[in-house]
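Undergrad: Sharing work-v6.pdb (PDB, C-alpha atoms) below.
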MODEL        1
ATOM      1  CA  MET F   1      -1.128 -74.773 -49.123
ATOM      2  CA  SER F   2      -4.513 -73.573 -50.386
ATOM      3  CA  MET F   3      -3.341 -69.968 -49.948
ATOM      4  CA  LEU F   4      -0.225 -70.632 -52.032
ATOM      5  CA  ARG F   5      -2.305 -72.186 -54.822
ATOM      6  CA  TYR F   6      -4.698 -69.252 -54.692
ATOM      7  CA  ILE F   7      -1.847 -66.732 -54.994
ATOM      8  CA  LEU F   8      -0.311 -68.633 -57.922
ATOM      9  CA  ARG F   9      -3.666 -68.761 -59.720
ATOM     10  CA  ARG F  10      -4.172 -65.045 -59.251
ATOM     11  CA  LEU F  11      -0.670 -64.238 -60.487
ATOM     12  CA  ILE F  12      -1.192 -66.363 -63.609
ATOM     13  CA  ARG F  13      -4.515 -64.614 -64.279
ATOM     14  CA  MET F  14      -2.744 -61.270 -64.082
ATOM     15  CA  VAL F  15      -0.681 -62.025 -67.195
ATOM     16  CA  PRO F  16      -3.471 -61.652 -69.809
ATOM     17  CA  THR F  17      -4.845 -58.694 -67.840
ATOM     18  CA  LEU F  18      -1.471 -56.938 -67.995
ATOM     19  CA  ILE F  19      -1.214 -57.638 -71.726
ATOM     20  CA  VAL F  20      -4.567 -55.954 -72.330
ATOM     21  CA  ILE F  21      -3.619 -53.077 -70.030
ATOM     22  CA  SER F  22      -0.291 -52.597 -71.833
ATOM     23  CA  ILE F  23      -2.102 -52.344 -75.183
ATOM     24  CA  LEU F  24      -4.631 -49.844 -73.803
ATOM     25  CA  THR F  25      -1.840 -47.875 -72.134
ATOM     26  CA  PHE F  26       0.131 -47.623 -75.360
ATOM     27  CA  VAL F  27      -2.987 -46.541 -77.264
ATOM     28  CA  ILE F  28      -3.809 -43.899 -74.638
ATOM     29  CA  ILE F  29      -0.352 -42.309 -74.685
ATOM     30  CA  GLN F  30      -0.542 -42.193 -78.498
ATOM     31  CA  LEU F  31      -3.939 -40.447 -78.585
ATOM     32  CA  PRO F  32      -2.659 -36.832 -78.451
ATOM     33  CA  PRO F  33      -1.607 -35.620 -81.907
ATOM     34  CA  GLY F  34       2.123 -35.546 -82.597
ATOM     35  CA  ASP F  35       4.871 -36.602 -80.200
ATOM     36  CA  PHE F  36       7.571 -35.125 -77.973
ATOM     37  CA  PHE F  37       9.634 -33.890 -80.906
ATOM     38  CA  ASP F  38       6.637 -32.172 -82.468
ATOM     39  CA  SER F  39       6.087 -30.337 -79.181
ATOM     40  CA  ILE F  40       9.732 -29.254 -79.099
ATOM     41  CA  GLN F  41       9.573 -28.039 -82.687
ATOM     42  CA  ALA F  42       6.420 -26.048 -81.908
ATOM     43  CA  GLN F  43       8.099 -24.428 -78.914
ATOM     44  CA  LEU F  44      11.160 -23.556 -80.966
ATOM     45  CA  ALA F  45       8.978 -22.119 -83.717
ATOM     46  CA  GLU F  46       7.173 -19.888 -81.210
ATOM     47  CA  SER F  47      10.502 -18.611 -79.912
ATOM     48  CA  GLU F  48      11.652 -17.901 -83.499
ATOM     49  CA  SER F  49      14.411 -20.480 -83.187
ATOM     50  CA  ARG F  50      15.428 -22.800 -86.052
ATOM     51  CA  ALA F  51      15.865 -26.515 -85.510
ATOM     52  CA  GLU F  52      17.241 -28.834 -88.140
ATOM     53  CA  GLN F  53      14.627 -31.275 -89.325
ATOM     54  CA  GLU F  54      17.320 -33.873 -89.934
ATOM     55  CA  ALA F  55      18.212 -34.005 -86.248
ATOM     56  CA  PHE F  56      14.606 -34.693 -85.235
ATOM     57  CA  ASP F  57      14.224 -37.308 -87.964
ATOM     58  CA  THR F  58      17.351 -39.061 -86.694
ATOM     59  CA  LEU F  59      16.015 -39.143 -83.144
ATOM     60  CA  ARG F  60      12.677 -40.482 -84.372
ATOM     61  CA  LYS F  61      14.412 -43.321 -86.163
ATOM     62  CA  GLN F  62      16.631 -44.017 -83.157
ATOM     63  CA  TYR F  63      13.604 -44.504 -80.893
ATOM     64  CA  HIS F  64      11.427 -46.192 -83.559
ATOM     65  CA  LEU F  65       8.909 -43.351 -83.666
ATOM     66  CA  ASP F  66       8.878 -43.560 -87.453
ATOM     67  CA  GLN F  67       7.578 -47.141 -87.290
ATOM     68  CA  PRO F  68       3.901 -48.215 -87.283
ATOM     69  CA  LEU F  69       2.192 -48.228 -83.893
ATOM     70  CA  TRP F  70       2.183 -52.005 -83.562
ATOM     71  CA  LYS F  71       5.948 -52.124 -84.085
ATOM     72  CA  GLN F  72       6.470 -49.316 -81.555
ATOM     73  CA  TYR F  73       4.371 -51.296 -79.087
ATOM     74  CA  LEU F  74       6.422 -54.450 -79.603
ATOM     75  CA  TYR F  75       9.686 -52.543 -79.119
ATOM     76  CA  TRP F  76       8.340 -51.022 -75.904
ATOM     77  CA  VAL F  77       6.901 -54.228 -74.434
ATOM     78  CA  GLY F  78       9.983 -56.217 -75.421
ATOM     79  CA  GLY F  79      12.156 -53.748 -73.570
ATOM     80  CA  CYS F  80       9.896 -53.791 -70.498
ATOM     81  CA  LEU F  81      10.276 -57.566 -70.227
ATOM     82  CA  VAL F  82      14.055 -57.178 -69.820
ATOM     83  CA  GLY F  83      13.863 -54.115 -67.553
ATOM     84  CA  ASP F  84      14.324 -51.496 -70.280
ATOM     85  CA  PHE F  85      11.321 -49.170 -70.006
ATOM     86  CA  GLY F  86      12.504 -46.792 -72.670
ATOM     87  CA  TYR F  87      14.160 -43.394 -72.711
ATOM     88  CA  SER F  88      12.824 -40.124 -71.364
ATOM     89  CA  PHE F  89      13.201 -37.486 -74.062
ATOM     90  CA  GLU F  90      12.454 -34.673 -71.622
ATOM     91  CA  TRP F  91      15.090 -35.682 -69.070
ATOM     92  CA  SER F  92      17.528 -37.381 -71.473
ATOM     93  CA  ARG F  93      17.796 -40.347 -69.116
ATOM     94  CA  PRO F  94      16.485 -43.931 -68.991
ATOM     95  CA  VAL F  95      12.968 -44.171 -67.586
ATOM     96  CA  SER F  96      14.007 -46.850 -65.068
ATOM     97  CA  GLU F  97      16.526 -44.476 -63.472
ATOM     98  CA  LEU F  98      14.062 -41.591 -63.246
ATOM     99  CA  ILE F  99      11.320 -43.660 -61.643
ATOM    100  CA  GLY F 100      13.673 -45.683 -59.467
ATOM    101  CA  GLU F 101      15.196 -42.669 -57.740
ATOM    102  CA  ARG F 102      11.760 -41.302 -56.813
ATOM    103  CA  LEU F 103       9.802 -44.482 -56.206
ATOM    104  CA  GLY F 104      11.310 -45.175 -52.780
ATOM    105  CA  LEU F 105      10.304 -41.789 -51.356
ATOM    106  CA  THR F 106       6.881 -42.115 -52.990
ATOM    107  CA  PHE F 107       6.207 -45.493 -51.390
ATOM    108  CA  LEU F 108       7.479 -44.219 -48.024
ATOM    109  CA  MET F 109       5.105 -41.255 -48.122
ATOM    110  CA  SER F 110       2.205 -43.394 -49.367
ATOM    111  CA  PHE F 111       2.796 -46.071 -46.721
ATOM    112  CA  GLY F 112       2.915 -43.400 -44.017
ATOM    113  CA  ALA F 113      -0.323 -41.853 -45.298
ATOM    114  CA  LEU F 114      -1.982 -45.292 -45.347
ATOM    115  CA  ILE F 115      -0.973 -45.990 -41.735
ATOM    116  CA  PHE F 116      -2.167 -42.518 -40.726
ATOM    117  CA  MET F 117      -5.565 -43.090 -42.375
ATOM    118  CA  TRP F 118      -6.137 -46.445 -40.715
ATOM    119  CA  CYS F 119      -4.901 -45.384 -37.269
ATOM    120  CA  VAL F 120      -7.170 -42.328 -37.270
ATOM    121  CA  ALA F 121     -10.221 -43.601 -39.160
ATOM    122  CA  ILE F 122     -10.782 -46.879 -37.284
ATOM    123  CA  PRO F 123     -10.955 -45.453 -33.715
ATOM    124  CA  ILE F 124     -13.088 -42.507 -34.854
ATOM    125  CA  GLY F 125     -15.453 -44.786 -36.779
ATOM    126  CA  ILE F 126     -15.823 -47.096 -33.775
ATOM    127  CA  TYR F 127     -16.467 -44.179 -31.422
ATOM    128  CA  SER F 128     -19.051 -42.596 -33.752
ATOM    129  CA  ALA F 129     -20.905 -45.909 -34.143
ATOM    130  CA  ARG F 130     -20.939 -46.635 -30.406
ATOM    131  CA  ASN F 131     -22.109 -43.083 -29.635
ATOM    132  CA  ARG F 132     -24.514 -42.640 -32.510
ATOM    133  CA  LEU F 133     -26.344 -39.289 -32.681
ATOM    134  CA  SER F 134     -24.325 -37.918 -29.756
ATOM    135  CA  PHE F 135     -22.556 -34.565 -29.771
ATOM    136  CA  GLY F 136     -19.223 -36.281 -30.399
ATOM    137  CA  ASP F 137     -20.682 -38.191 -33.338
ATOM    138  CA  TYR F 138     -22.065 -35.002 -34.886
ATOM    139  CA  ALA F 139     -18.764 -33.163 -34.364
ATOM    140  CA  LEU F 140     -16.655 -35.943 -35.900
ATOM    141  CA  THR F 141     -19.100 -36.314 -38.796
ATOM    142  CA  PHE F 142     -18.864 -32.579 -39.435
ATOM    143  CA  LEU F 143     -15.064 -32.763 -39.483
ATOM    144  CA  ALA F 144     -15.207 -35.763 -41.829
ATOM    145  CA  PHE F 145     -17.394 -33.858 -44.295
ATOM    146  CA  ILE F 146     -14.985 -30.922 -44.150
ATOM    147  CA  GLY F 147     -12.155 -33.318 -44.934
ATOM    148  CA  LEU F 148     -14.083 -34.583 -47.951
ATOM    149  CA  CYS F 149     -14.906 -31.107 -49.254
ATOM    150  CA  VAL F 150     -11.635 -29.219 -48.755
ATOM    151  CA  PRO F 151      -9.258 -29.733 -51.732
ATOM    152  CA  GLY F 152      -5.898 -31.300 -51.014
ATOM    153  CA  PHE F 153      -3.815 -28.354 -52.232
ATOM    154  CA  LEU F 154      -5.575 -26.046 -49.733
ATOM    155  CA  VAL F 155      -4.814 -28.476 -46.904
ATOM    156  CA  ALA F 156      -1.210 -28.508 -48.167
ATOM    157  CA  LEU F 157      -0.984 -24.723 -47.946
ATOM    158  CA  ILE F 158      -2.427 -24.744 -44.414
ATOM    159  CA  ALA F 159      -0.014 -27.497 -43.366
ATOM    160  CA  MET F 160       2.918 -25.543 -44.805
ATOM    161  CA  HIS F 161       1.862 -22.467 -42.812
ATOM    162  CA  ILE F 162       1.605 -24.504 -39.594
ATOM    163  CA  SER F 163       4.935 -26.203 -40.250
ATOM    164  CA  VAL F 164       6.779 -22.911 -40.841
ATOM    165  CA  PHE F 165       5.199 -20.542 -38.327
ATOM    166  CA  TRP F 166       4.270 -22.950 -35.532
ATOM    167  CA  PHE F 167       7.037 -25.539 -35.613
ATOM    168  CA  GLY F 168       9.785 -23.634 -37.412
ATOM    169  CA  GLY F 169      10.004 -26.232 -40.192
ATOM    170  CA  SER F 170      10.592 -25.798 -43.909
ATOM    171  CA  ALA F 171       8.052 -24.546 -46.431
ATOM    172  CA  GLY F 172       8.091 -27.722 -48.493
ATOM    173  CA  GLY F 173      10.102 -30.651 -49.733
ATOM    174  CA  LEU F 174      11.261 -33.725 -47.864
ATOM    175  CA  PHE F 175      14.768 -32.552 -46.942
ATOM    176  CA  SER F 176      16.470 -29.480 -45.597
ATOM    177  CA  HIS F 177      18.725 -27.589 -47.983
ATOM    178  CA  GLU F 178      21.932 -29.062 -46.620
ATOM    179  CA  TYR F 179      20.650 -32.630 -47.023
ATOM    180  CA  GLN F 180      19.027 -32.184 -50.446
ATOM    181  CA  TYR F 181      21.834 -33.830 -52.411
ATOM    182  CA  ALA F 182      23.862 -35.277 -49.542
ATOM    183  CA  PRO F 183      24.503 -39.042 -49.333
ATOM    184  CA  TRP F 184      22.283 -41.088 -47.036
ATOM    185  CA  SER F 185      23.163 -41.034 -43.350
ATOM    186  CA  LEU F 186      21.400 -41.149 -39.990
ATOM    187  CA  ALA F 187      21.248 -37.356 -39.964
ATOM    188  CA  LYS F 188      19.602 -37.289 -43.409
ATOM    189  CA  ALA F 189      17.137 -40.020 -42.409
ATOM    190  CA  TRP F 190      16.176 -38.050 -39.295
ATOM    191  CA  ASP F 191      15.780 -34.898 -41.401
ATOM    192  CA  LEU F 192      13.462 -36.848 -43.723
ATOM    193  CA  LEU F 193      11.299 -37.968 -40.802
ATOM    194  CA  LYS F 194      11.018 -34.369 -39.579
ATOM    195  CA  HIS F 195       9.692 -33.271 -42.964
ATOM    196  CA  LEU F 196       7.622 -36.362 -43.758
ATOM    197  CA  TRP F 197       4.716 -35.688 -41.411
ATOM    198  CA  VAL F 198       3.410 -32.754 -43.477
ATOM    199  CA  PRO F 199       2.787 -34.682 -46.746
ATOM    200  CA  VAL F 200       1.618 -37.741 -44.789
ATOM    201  CA  VAL F 201      -1.089 -35.734 -43.008
ATOM    202  CA  VAL F 202      -2.062 -33.796 -46.129
ATOM    203  CA  VAL F 203      -2.300 -36.836 -48.414
ATOM    204  CA  GLY F 204      -4.038 -38.894 -45.737
ATOM    205  CA  ALA F 205      -6.597 -36.223 -44.793
ATOM    206  CA  ALA F 206      -9.142 -36.894 -47.548
ATOM    207  CA  GLY F 207      -8.696 -40.647 -47.279
ATOM    208  CA  THR F 208      -9.167 -40.497 -43.522
ATOM    209  CA  ALA F 209     -12.495 -38.707 -43.912
ATOM    210  CA  THR F 210     -13.743 -41.298 -46.401
ATOM    211  CA  MET F 211     -12.611 -44.297 -44.356
ATOM    212  CA  THR F 212     -14.116 -42.844 -41.182
ATOM    213  CA  ARG F 213     -17.546 -42.753 -42.818
ATOM    214  CA  ILE F 214     -17.094 -46.312 -44.151
ATOM    215  CA  MET F 215     -16.035 -47.640 -40.738
ATOM    216  CA  ARG F 216     -18.911 -45.903 -38.968
ATOM    217  CA  THR F 217     -21.504 -47.236 -41.424
ATOM    218  CA  SER F 218     -20.093 -50.753 -41.306
ATOM    219  CA  MET F 219     -20.028 -50.742 -37.505
ATOM    220  CA  LEU F 220     -23.662 -49.607 -37.347
ATOM    221  CA  ASP F 221     -24.675 -52.495 -39.618
ATOM    222  CA  VAL F 222     -22.719 -55.044 -37.587
ATOM    223  CA  MET F 223     -23.995 -53.829 -34.220
ATOM    224  CA  ASP F 224     -27.529 -54.916 -35.170
ATOM    225  CA  GLU F 225     -26.503 -58.481 -36.029
ATOM    226  CA  GLN F 226     -27.811 -61.377 -33.953
ATOM    227  CA  TYR F 227     -24.388 -62.699 -32.967
ATOM    228  CA  ILE F 228     -23.612 -59.360 -31.311
ATOM    229  CA  THR F 229     -26.854 -59.574 -29.331
ATOM    230  CA  THR F 230     -26.007 -63.188 -28.392
ATOM    231  CA  ALA F 231     -22.525 -62.193 -27.222
ATOM    232  CA  ARG F 232     -23.986 -59.511 -24.986
ATOM    233  CA  ALA F 233     -26.615 -61.915 -23.668
ATOM    234  CA  LYS F 234     -23.827 -64.280 -22.605
ATOM    235  CA  GLY F 235     -22.499 -61.567 -20.322
ATOM    236  CA  LEU F 236     -19.342 -60.673 -22.282
ATOM    237  CA  ALA F 237     -17.802 -57.312 -21.555
ATOM    238  CA  GLU F 238     -18.831 -54.589 -23.976
ATOM    239  CA  ARG F 239     -15.214 -53.883 -24.943
ATOM    240  CA  TRP F 240     -14.715 -57.567 -25.761
ATOM    241  CA  VAL F 241     -17.918 -57.656 -27.829
ATOM    242  CA  ILE F 242     -16.858 -54.585 -29.816
ATOM    243  CA  TYR F 243     -13.246 -55.437 -30.574
ATOM    244  CA  LYS F 244     -13.476 -59.235 -30.689
ATOM    245  CA  TYR F 245     -16.657 -59.617 -32.753
ATOM    246  CA  ALA F 246     -17.929 -56.336 -34.199
ATOM    247  CA  VAL F 247     -14.698 -54.732 -35.417
ATOM    248  CA  ARG F 248     -13.411 -57.970 -36.912
ATOM    249  CA  VAL F 249     -16.326 -58.050 -39.347
ATOM    250  CA  ALA F 250     -16.870 -54.295 -39.730
ATOM    251  CA  ILE F 251     -13.313 -53.798 -40.951
ATOM    252  CA  ASN F 252     -13.912 -55.939 -44.051
ATOM    253  CA  PRO F 253     -15.101 -53.068 -46.311
ATOM    254  CA  MET F 254     -11.976 -51.093 -45.436
ATOM    255  CA  ILE F 255      -9.773 -54.026 -46.375
ATOM    256  CA  SER F 256     -11.690 -54.378 -49.641
ATOM    257  CA  ILE F 257     -10.851 -50.850 -50.771
ATOM    258  CA  LEU F 258      -7.189 -51.255 -49.796
ATOM    259  CA  GLY F 259      -6.361 -52.432 -53.316
ATOM    260  CA  MET F 260      -7.683 -49.198 -54.814
ATOM    261  CA  GLN F 261      -6.020 -46.977 -52.235
ATOM    262  CA  ILE F 262      -2.449 -48.054 -53.026
ATOM    263  CA  PRO F 263      -2.316 -46.723 -56.611
ATOM    264  CA  GLN F 264      -4.399 -43.696 -55.609
ATOM    265  CA  LEU F 265      -1.834 -42.734 -52.981
ATOM    266  CA  VAL F 266       0.963 -43.050 -55.527
ATOM    267  CA  SER F 267      -0.765 -41.096 -58.307
ATOM    268  CA  GLY F 268      -3.615 -39.178 -56.676
ATOM    269  CA  SER F 269      -1.446 -36.677 -54.814
ATOM    270  CA  ILE F 270       0.068 -34.982 -57.883
ATOM    271  CA  ILE F 271      -1.224 -31.474 -57.114
ATOM    272  CA  VAL F 272      -0.314 -31.814 -53.438
ATOM    273  CA  ALA F 273       3.189 -32.968 -54.393
ATOM    274  CA  ILE F 274       3.603 -29.988 -56.726
ATOM    275  CA  VAL F 275       2.433 -27.534 -54.048
ATOM    276  CA  LEU F 276       4.713 -29.042 -51.417
ATOM    277  CA  GLY F 277       7.636 -29.442 -53.818
ATOM    278  CA  LEU F 278       7.991 -33.167 -53.145
ATOM    279  CA  PRO F 279      10.552 -35.233 -55.102
ATOM    280  CA  THR F 280       8.015 -37.996 -55.712
ATOM    281  CA  THR F 281       6.634 -39.626 -58.843
ATOM    282  CA  GLY F 282       3.494 -37.468 -59.041
ATOM    283  CA  PRO F 283       5.072 -34.295 -60.511
ATOM    284  CA  LEU F 284       7.225 -36.438 -62.798
ATOM    285  CA  PHE F 285       4.117 -38.162 -64.160
ATOM    286  CA  TYR F 286       2.363 -34.846 -64.678
ATOM    287  CA  ARG F 287       5.343 -33.445 -66.577
ATOM    288  CA  ALA F 288       5.509 -36.570 -68.741
ATOM    289  CA  LEU F 289       1.861 -36.125 -69.747
ATOM    290  CA  GLU F 290       2.353 -32.425 -70.376
ATOM    291  CA  THR F 291       5.348 -32.898 -72.684
ATOM    292  CA  GLN F 292       4.105 -36.136 -74.308
ATOM    293  CA  ASP F 293       7.100 -38.034 -72.960
ATOM    294  CA  MET F 294       5.505 -41.277 -74.102
ATOM    295  CA  TYR F 295       7.798 -43.896 -72.574
ATOM    296  CA  LEU F 296       7.849 -42.202 -69.169
ATOM    297  CA  ALA F 297       4.068 -41.677 -69.118
ATOM    298  CA  GLY F 298       3.378 -45.205 -70.364
ATOM    299  CA  THR F 299       5.615 -46.760 -67.722
ATOM    300  CA  PHE F 300       3.802 -44.811 -65.011
ATOM    301  CA  LEU F 301       0.424 -46.040 -66.240
ATOM    302  CA  MET F 302       1.673 -49.630 -66.283
ATOM    303  CA  LEU F 303       3.094 -49.214 -62.782
ATOM    304  CA  LEU F 304      -0.259 -47.979 -61.478
ATOM    305  CA  ALA F 305      -2.036 -50.917 -63.134
ATOM    306  CA  ILE F 306       0.371 -53.408 -61.539
ATOM    307  CA  LEU F 307      -0.085 -51.750 -58.146
ATOM    308  CA  LEU F 308      -3.858 -52.001 -58.531
ATOM    309  CA  LEU F 309      -3.715 -55.726 -59.348
ATOM    310  CA  LEU F 310      -1.269 -56.495 -56.535
ATOM    311  CA  GLY F 311      -3.264 -54.329 -54.128
ATOM    312  CA  ASN F 312      -6.457 -56.243 -54.905
ATOM    313  CA  LEU F 313      -4.609 -59.532 -54.378
ATOM    314  CA  LEU F 314      -3.287 -58.295 -51.035
ATOM    315  CA  ALA F 315      -6.772 -57.125 -50.018
ATOM    316  CA  ASP F 316      -8.287 -60.532 -50.858
ATOM    317  CA  ILE F 317      -5.624 -62.339 -48.818
ATOM    318  CA  LEU F 318      -6.139 -60.025 -45.833
ATOM    319  CA  LEU F 319      -9.905 -60.492 -46.084
ATOM    320  CA  ALA F 320      -9.527 -64.250 -45.913
ATOM    321  CA  LEU F 321      -7.231 -63.935 -42.894
ATOM    322  CA  ALA F 322      -9.529 -61.490 -41.106
ATOM    323  CA  ASP F 323     -12.832 -63.237 -41.804
ATOM    324  CA  PRO F 324     -12.944 -67.024 -41.245
ATOM    325  CA  ARG F 325     -16.078 -67.256 -43.399
ATOM    326  CA  ILE F 326     -14.007 -66.496 -46.522
ATOM    327  CA  ARG F 327     -12.196 -69.398 -48.196
ATOM    328  CA  PHE F 328      -9.591 -69.465 -50.941
ATOM    329  CA  ASP F 329     -11.274 -72.289 -52.854
TER     330      ASP F 329
ENDMDL
END
Would you mind writing the file out in structure tokens?

TA:
Amino acid sequence: MSMLRYILRRLIRMVPTLIVISILTFVIIQLPPGDFFDSIQAQLAESESRAEQEAFDTLRKQYHLDQPLWKQYLYWVGGCLVGDFGYSFEWSRPVSELIGERLGLTFLMSFGALIFMWCVAIPIGIYSARNRLSFGDYALTFLAFIGLCVPGFLVALIAMHISVFWFGGSAGGLFSHEYQYAPWSLAKAWDLLKHLWVPVVVVGAAGTATMTRIMRTSMLDVMDEQYITTARAKGLAERWVIYKYAVRVAINPMISILGMQIPQLVSGSIIVAIVLGLPTTGPLFYRALETQDMYLAGTFLMLLAILLLLGNLLADILLALADPRIRFD
């Protein structure tokens, strides 16, 4: 019951936070001079094409771009409350449709990358801490630093080369050509799984290196605690001491950063998604910023803010479940 009250309190506190974030988001997407139609007119002028000013003025009035900023904000927020996130001028489609058709694949890739990071980083961090200053520790630390230094797009190119020339896979994307626009079926789902491992490994590589260092450092701090010494003095097996007592506390910093990792996985892999040709939200967001597609870009920023708030809430709940010293009160 205390957990339910805690969750309700946190959700209520999110409301004023989201209001402030929505205002800042709208201000940010309005900072560049001009708007989408100004960009189109500039492009047409460079190509020596003539566009009727009346047509652009009509579109501005239709989407309230001729109104003061505070009125534009109210129109946008009012639509968001009823599920209308605006209209994408670049794609000539509602923003909800554009994001909705790519959000599922984005979350699938991000969830796979998150699982990959945790499944790789935790065992390596435990091993490095238990075998501190050994050859294995030095080798894994060296690999972790390489993972931190190498840019994601370079890892993407290497993964594409391995996928094509070693495993006979495709050079990019999440589907083979014959399944690109085919309806969903078991064959298409299996084709997706065969292509999914490349972006999962590439996106998760940098995060794995970071989390490995965090897990190793946290384990080294925990191993010197008195309750670990007491557990060993009682004659408990070393494996039981490590996984029952040490890991349970050492994993707390990794759970704490979980809230920040979720939006980073959704938005932080834009360049990797462009290199790999992935039909995810990253390239769409980048294009929206490039063309000043204000409603599409603003909705993305709001989505990332909501994911950050929900991710922090999830991290706090998992921390309380993992560590009995933490209470919801």

Undergrad: F:Ala305: which residues within 9 Å, counting only C-alpha atoms, same-chain residues fewer than 3 positions away excluded, as a ChimeraX atom specification?

TA: /F:18,21,263,300-302,308-310

Undergrad: Report as a PyMOL selection string the residues that result from applying the PyMOL selection byres ((chain F and resi 264) around 12) to the structure here.

TA: chain F and resi 106-107+110-111+113-114+203-204+206-207+257-263+265-270+282+301+303-305+307-308+311

Undergrad: What does the distance from atom CA of F:Thr212 to atom CA of F:Val150 come to in Å, to one decimal?

TA: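 Computing the Euclidean distance for atom CA of F:Thr212 and atom CA of F:Val150 yields 15.8 Å.
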
Undergrad: Which polymer residues have any atom within 9 Å of an atom of F:Gln30, counting only C-alpha atoms, with same-chain residues fewer than 6 positions away left out, as a list of chain:residue names?

TA: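 The neighbour list is F:Leu69, F:Gln292, F:Met294.
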
Undergrad: Which one of F:Val241, F:Val201, F:Glu90, F:Asp66 sits closest to F:Ile115 if you count only C-alpha atoms?

TA: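 That would be F:Val201, the residue with the smallest distance to F:Ile115.
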
Undergrad: Quick one: which residues end up in the PyMOL selection byres ((chain F and resi 94-100) around 8) for this structure, as a VMD selection string?

TA: chain F and resid 83 to 88 92 to 93 101 to 104 281 295 to 296 299

Undergrad: Go through F:Gly136, F:Gly235, F:Pro279, F:Gly112 one by one, measure the shortest atom-to-atom distance of each to F:Ala205 using all atoms listed in the file, and give the residue with the smallest value.

TA: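 Nearest candidate to F:Ala205 out of F:Gly136, F:Gly235, F:Pro279, F:Gly112: F:Gly112.
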
Undergrad: To test your reading of the syntax: which residues would the PyMOL selection byres ((chain F and resi 193) around 12) return for the file shown? Reply as a PyMOL selection string.

TA: chain F and resi 105+108-109+112+169+173-176+186-192+194-200

Undergrad: Counting only C-alpha atoms, which of F:Val82, F:Leu157, F:Lys71, F:Arg216 gets nearest to F:Ser128?

TA: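 Closest candidate: F:Arg216.
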
Undergrad: Which distance in Å separates atom CA of F:Leu140 and atom CA of F:Met117, to one decimal?

TA: 14.7 Å

Undergrad: Taking all atoms listed in the file into account, name the residue in F:Ile29, F:Val164, F:Ala129, F:Ala315 that is nearest to F:Val247.

TA: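 Counting all atoms listed in the file, the residue closest to F:Val247 is F:Ala129.
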
Undergrad: For a test of reading the model, state the distance in Å between atom CA of F:Thr208 and atom CA of F:Ile251, rounded to one decimal.

TA: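 Calculated distance between atom CA of F:Thr208 and atom CA of F:Ile251 is 14.2 Å.
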
Undergrad: Which residues come within 12 Å of F:Leu154, counting all atoms listed in the file, excluding same-chain residues fewer than 3 positions away, as a PyMOL selection string?

TA: chain F and resi 146-147+149-151+157-161+202-203+205-206+271-272+275-276

Undergrad: Put the listed atoms of stretch 79-88 of chain F in a box along x, y and z with 8 Å added on every side and give me the centre and edge lengths in Å to one decimal, as AutoDock Vina command-line options.

TA:
--center_x 12.1 --center_y -48.8 --center_z -70.6 --size_x 20.4 --size_y 33.4 --size_z 22.0

Undergrad: Pick the closest to F:Arg132 from F:Arg9, F:Arg213, F:Leu220, F:Ala320: which is it, counting only C-alpha atoms?

TA: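 Distance minimum relative to F:Arg132 lands on F:Leu220.
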
Undergrad: So, counting only C-alpha atoms, which residue among F:Met223, F:Leu321, F:Met211, F:Ile28 is closest to F:Arg130?

TA: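 Looking at the shortest contact to F:Arg130, the residue is F:Met223.
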
Undergrad: Can you put N, CA and C atoms back into stretch 60-70 of chain F and show it as a PDB file, in the frame of the given file?

TA:
ATOM      1  N   ARG F  60      13.872 -39.654 -84.180  1.00  0.00           N
ATOM      2  CA  ARG F  60      12.677 -40.482 -84.372  1.00  0.00           C
ATOM      3  C   ARG F  60      13.046 -41.892 -84.815  1.00  0.00           C
ATOM      4  N   LYS F  61      13.992 -41.998 -85.710  1.00  0.00           N
ATOM      5  CA  LYS F  61      14.412 -43.321 -86.163  1.00  0.00           C
ATOM      6  C   LYS F  61      15.114 -44.082 -85.042  1.00  0.00           C
ATOM      7  N   GLN F  62      15.892 -43.363 -84.237  1.00  0.00           N
ATOM      8  CA  GLN F  62      16.631 -44.017 -83.157  1.00  0.00           C
ATOM      9  C   GLN F  62      15.690 -44.654 -82.146  1.00  0.00           C
ATOM     10  N   TYR F  63      14.561 -43.998 -81.882  1.00  0.00           N
ATOM     11  CA  TYR F  63      13.604 -44.504 -80.893  1.00  0.00           C
ATOM     12  C   TYR F  63      12.357 -45.103 -81.545  1.00  0.00           C
ATOM     13  N   HIS F  64      12.454 -45.447 -82.838  1.00  0.00           N
ATOM     14  CA  HIS F  64      11.427 -46.192 -83.559  1.00  0.00           C
ATOM     15  C   HIS F  64      10.112 -45.433 -83.679  1.00  0.00           C
ATOM     16  N   LEU F  65      10.140 -44.123 -83.562  1.00  0.00           N
ATOM     17  CA  LEU F  65       8.909 -43.351 -83.666  1.00  0.00           C
ATOM     18  C   LEU F  65       8.436 -43.197 -85.108  1.00  0.00           C
ATOM     19  N   ASP F  66       9.277 -43.599 -86.057  1.00  0.00           N
ATOM     20  CA  ASP F  66       8.878 -43.560 -87.453  1.00  0.00           C
ATOM     21  C   ASP F  66       8.234 -44.871 -87.903  1.00  0.00           C
ATOM     22  N   GLN F  67       8.158 -45.847 -86.981  1.00  0.00           N
ATOM     23  CA  GLN F  67       7.578 -47.141 -87.290  1.00  0.00           C
ATOM     24  C   GLN F  67       6.068 -47.124 -87.042  1.00  0.00           C
ATOM     25  N   PRO F  68       5.336 -48.099 -87.609  1.00  0.00           N
ATOM     26  CA  PRO F  68       3.901 -48.215 -87.283  1.00  0.00           C
ATOM     27  C   PRO F  68       3.686 -48.443 -85.789  1.00  0.00           C
ATOM     28  N   LEU F  69       2.474 -48.151 -85.323  1.00  0.00           N
ATOM     29  CA  LEU F  69       2.192 -48.228 -83.893  1.00  0.00           C
ATOM     30  C   LEU F  69       2.418 -49.628 -83.340  1.00  0.00           C
ATOM     31  N   TRP F  70       2.053 -50.650 -84.093  1.00  0.00           N
ATOM     32  CA  TRP F  70       2.183 -52.005 -83.562  1.00  0.00           C
ATOM     33  C   TRP F  70       3.659 -52.379 -83.391  1.00  0.00           C
TER      34      TRP F  70
END
